[in-house]
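A.B. asks: Take this structure first; my questions come after.
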Amino acid sequence: MDFDVVDNFENVEMTYVSFLSRGYVSKNKNIFERIELTDFSRFVLYSCVYGIPIFKMGRGGKKILVLSGIHGNELPPQLANLTLMNELMDCKVNNTIYFIPFASPNSTMNNERTFNSLDLNRAAHITNSLSNQIIHAIEELKIDFVGDFHSTAYNSNPGFESVFSSKNPSPESVLIAHYISRNVGSEMIRYDIAGSQYKGAVEDVCNLRGIPAVTCEVVSPFASIGKGSFEKSLEQMKSFLTYFGF
């Protein structure tokens with residue numbers, strides 16, 4: 001994958017993961033009204049009209065991905081990811097950090113959990129699915145660690161603030177989750193074997209392929225941004241990066 005320096009933002013590079021999903025995120029008023037419309041935020045939203053942009057900051061060190069929007073109606077982490085990128089614009093980054101703030105712009109635009117009726121967090125193992133294309137990008141870029149950020153409603157699974165991990169075959173997943181849990185108070189959920197509960201989660205597919213990954217959840221009603229949920233998701237993301245010495 002070839003990255004290009006983003007005009008007017010010399011510390012940021014960008015390319016596209018896929019063109020399967022594209023959309024006007026600004027049509028989703030529940031998230032658009034909360035976005036600080038910096039020049040960079042406008043550029044990100046514009047890029048989503050054409051596909052799924054992935055952004056890169058820093059060089060050298062570990063390669064780390066901050067991912068959000070696998071479920072388009074889980075808004076707090078998508079807002080948090082975009083906010084995090086804005087905050088890091090002028091920072092010296094001591095690793096290589098990749099960001100996918102909107103994993104399915106079309107789903108976010110329509111405030112939908114699925115893309116083409118497919119739950120992307122049950123489809124990362126299915127050849128050429130949208131989430132499978134994200135997995136291919138992770139492997140092509142040789143990303144070392146993945147944080148996948150979600151939100152959960154009280155009456156859904158898991159229904160509480162948490163961080164998922166699995167011990168095998170990528171044991172560092174548990175270490176990352178333990179760090180985040182201890183650091184921000186999110187309840188830790190650990191499985192012995194990745195994918196043992198269900199198949200196709202981005203986190204599980206990464207762990208099964210030897211790329212340590214965690215899934216972080218904050219509590220918010222679906223299709224909206226509950227009180228404190230965006231701030232908590234941002235806190236989880238910063239804790240995830242801090243684990244790697246940022």
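Order determines the names: the first chain of the structure tokens is A, the second B, and so forth; residues in each chain are numbered 1 upward, and ligands are numbered 1 upward as they are shown.
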DSSP on the backbone, then: every residue of region 103-170 of chain A marked strand (DSSP E), written as JSON, numbers by chain.
C.D. replies: {"A": [145, 146, 147, 148, 149, 150, 151, 152, 162, 163, 164, 165, 166, 167, 168]}
A.B. asks: Could you pull the residues within 9 Å of region 15-25 of chain A, counting only C-alpha atoms, minus those fewer than 3 positions along the same chain, as a PyMOL selection string?
C.D. replies: chain A and resi 1-4+28-29+31-32+45-56+100+102-110+115+130+133-134+136-137
A.B. asks: DSSP on the backbone, then: every residue of region 111-149 of chain A marked helix (DSSP H, G or I), written as number ranges by chain.
C.D. replies: A: 120-122, 130-140
A.B. asks: Could you write out that same residue set with C-alpha atoms as a JSON list (two decimals), in the first residue's frame?
C.D. replies:
[["chain", "number", "residue", "atom", "x", "y", "z"],
["A", 120, "LEU", "CA", -18.42, -6.89, 9.87],
["A", 121, "ASN", "CA", -17.34, -8.12, 13.30],
["A", 122, "ARG", "CA", -18.49, -11.60, 12.37],
["A", 130, "LEU", "CA", -15.06, -5.42, 4.04],
["A", 131, "SER", "CA", -13.54, -6.39, 7.39],
["A", 132, "ASN", "CA", -11.47, -9.07, 5.66],
["A", 133, "GLN", "CA", -10.01, -6.35, 3.44],
["A", 134, "ILE", "CA", -9.04, -4.48, 6.60],
["A", 135, "ILE", "CA", -7.30, -7.66, 7.81],
["A", 136, "HIS", "CA", -5.41, -7.85, 4.51],
["A", 137, "ALA", "CA", -4.30, -4.23, 4.94],
["A", 138, "ILE", "CA", -3.10, -5.01, 8.46],
["A", 139, "GLU", "CA", -1.03, -7.90, 7.14],
["A", 140, "GLU", "CA", 0.29, -6.02, 4.11]]
A.B. asks: Residues within 9 Å of region 85-98 of chain A, please, as a list of chain:residue names. Count only C-alpha atoms; anything in the same chain fewer than 3 positions from it doesn't count.
C.D. replies: A:Phe9, A:Asn11, A:Val12, A:Thr38, A:Phe40, A:Ser41, A:Ile54, A:Phe55, A:Lys56, A:Met57, A:Gly58, A:Arg59, A:Gly60, A:Gly61, A:Lys62, A:Lys63, A:Ile64, A:Leu65, A:Val66, A:Leu67, A:Ala80, A:Asn81, A:Leu82, A:Pro101, A:Ile143, A:Leu241, A:Phe244, A:Gly245, A:Phe246
A.B. asks: Contacts of Pro171 (chain A) at 10 Å or less, counting only C-alpha atoms, minus same-chain residues fewer than 3 places along, as a list of chain:residue names?
C.D. replies: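 Residues meeting the cut-off are A:Ser165, A:Ser166, A:Lys167, A:Asn168, A:Val174, A:Leu175, A:Ile176, A:Asp192, A:Ile193, A:Ala194, A:Asn207, A:Gly210, A:Ile211, A:Pro212, A:Ala213.
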A.B. asks: Keeping N, CA and C atoms, export the residues of the selection given above as a PDB file, in the first residue's frame.
C.D. replies:
ATOM      1  N   SER A 165      -9.804  -9.728  25.294  1.00  0.00           N
ATOM      2  CA  SER A 165      -8.497 -10.248  24.892  1.00  0.00           C
ATOM      3  C   SER A 165      -8.569 -11.757  24.855  1.00  0.00           C
ATOM      4  N   SER A 166      -7.528 -12.379  24.323  1.00  0.00           N
ATOM      5  CA  SER A 166      -7.433 -13.842  24.326  1.00  0.00           C
ATOM      6  C   SER A 166      -5.985 -14.254  24.538  1.00  0.00           C
ATOM      7  N   LYS A 167      -5.798 -15.334  25.251  1.00  0.00           N
ATOM      8  CA  LYS A 167      -4.468 -15.774  25.656  1.00  0.00           C
ATOM      9  C   LYS A 167      -3.706 -16.471  24.544  1.00  0.00           C
ATOM     10  N   ASN A 168      -4.389 -17.226  23.730  1.00  0.00           N
ATOM     11  CA  ASN A 168      -3.748 -18.008  22.666  1.00  0.00           C
ATOM     12  C   ASN A 168      -4.400 -17.708  21.324  1.00  0.00           C
ATOM     13  N   VAL A 174      -3.520 -10.292  26.103  1.00  0.00           N
ATOM     14  CA  VAL A 174      -3.936 -10.242  27.510  1.00  0.00           C
ATOM     15  C   VAL A 174      -3.172  -9.157  28.266  1.00  0.00           C
ATOM     16  N   LEU A 175      -1.897  -9.016  27.979  1.00  0.00           N
ATOM     17  CA  LEU A 175      -1.089  -8.003  28.650  1.00  0.00           C
ATOM     18  C   LEU A 175      -1.581  -6.601  28.318  1.00  0.00           C
ATOM     19  N   ILE A 176      -1.924  -6.382  27.053  1.00  0.00           N
ATOM     20  CA  ILE A 176      -2.441  -5.075  26.644  1.00  0.00           C
ATOM     21  C   ILE A 176      -3.769  -4.798  27.346  1.00  0.00           C
ATOM     22  N   ASP A 192      -9.454 -18.017  26.601  1.00  0.00           N
ATOM     23  CA  ASP A 192      -8.234 -18.816  26.487  1.00  0.00           C
ATOM     24  C   ASP A 192      -7.762 -18.913  25.045  1.00  0.00           C
ATOM     25  N   ILE A 193      -8.717 -19.039  24.113  1.00  0.00           N
ATOM     26  CA  ILE A 193      -8.374 -19.217  22.700  1.00  0.00           C
ATOM     27  C   ILE A 193      -9.150 -18.215  21.867  1.00  0.00           C
ATOM     28  N   ALA A 194      -8.465 -17.489  20.991  1.00  0.00           N
ATOM     29  CA  ALA A 194      -9.117 -16.512  20.119  1.00  0.00           C
ATOM     30  C   ALA A 194     -10.150 -17.200  19.232  1.00  0.00           C
ATOM     31  N   ASN A 207      -5.590 -11.933  16.285  1.00  0.00           N
ATOM     32  CA  ASN A 207      -4.899 -12.781  17.257  1.00  0.00           C
ATOM     33  C   ASN A 207      -4.586 -14.151  16.683  1.00  0.00           C
ATOM     34  N   GLY A 210      -1.498 -14.138  14.689  1.00  0.00           N
ATOM     35  CA  GLY A 210      -0.262 -13.754  15.372  1.00  0.00           C
ATOM     36  C   GLY A 210      -0.065 -12.267  15.557  1.00  0.00           C
ATOM     37  N   ILE A 211      -1.146 -11.490  15.427  1.00  0.00           N
ATOM     38  CA  ILE A 211      -1.078 -10.036  15.610  1.00  0.00           C
ATOM     39  C   ILE A 211      -1.860  -9.698  16.872  1.00  0.00           C
ATOM     40  N   PRO A 212      -1.184  -9.428  17.992  1.00  0.00           N
ATOM     41  CA  PRO A 212      -1.913  -9.170  19.238  1.00  0.00           C
ATOM     42  C   PRO A 212      -2.911  -8.024  19.088  1.00  0.00           C
ATOM     43  N   ALA A 213      -4.143  -8.280  19.525  1.00  0.00           N
ATOM     44  CA  ALA A 213      -5.214  -7.306  19.351  1.00  0.00           C
ATOM     45  C   ALA A 213      -6.158  -7.348  20.543  1.00  0.00           C
TER      46      ALA A 213
END
A.B. asks: From the set A:Ala123, A:Val5, A:Val44, A:Ile35, which residue has the shortest atom-to-atom contact distance to Ala201 (chain A), counting only C-alpha atoms?
C.D. replies: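 Answer, going by the shortest atom-to-atom distance: A:Ala123.
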A.B. asks: Restricting the calculation to only C-alpha atoms: of A:Glu74, A:Glu172, A:Glu187, A:Asp148, which residue gets closest to Gly226 (chain A)?
C.D. replies: A:Glu74
A.B. asks: With distances taken over only C-alpha atoms, which residue among A:Arg182, A:Lys238, A:Lys142, A:Lys232 lies nearest Pro76 (chain A)?
C.D. replies: A:Lys232
A.B. asks: Counting only C-alpha atoms, figure out which residue out of A:Tyr198, A:Phe240, A:Val219, A:Thr83 gets nearest to Ile180 (chain A).
C.D. replies: A:Phe240
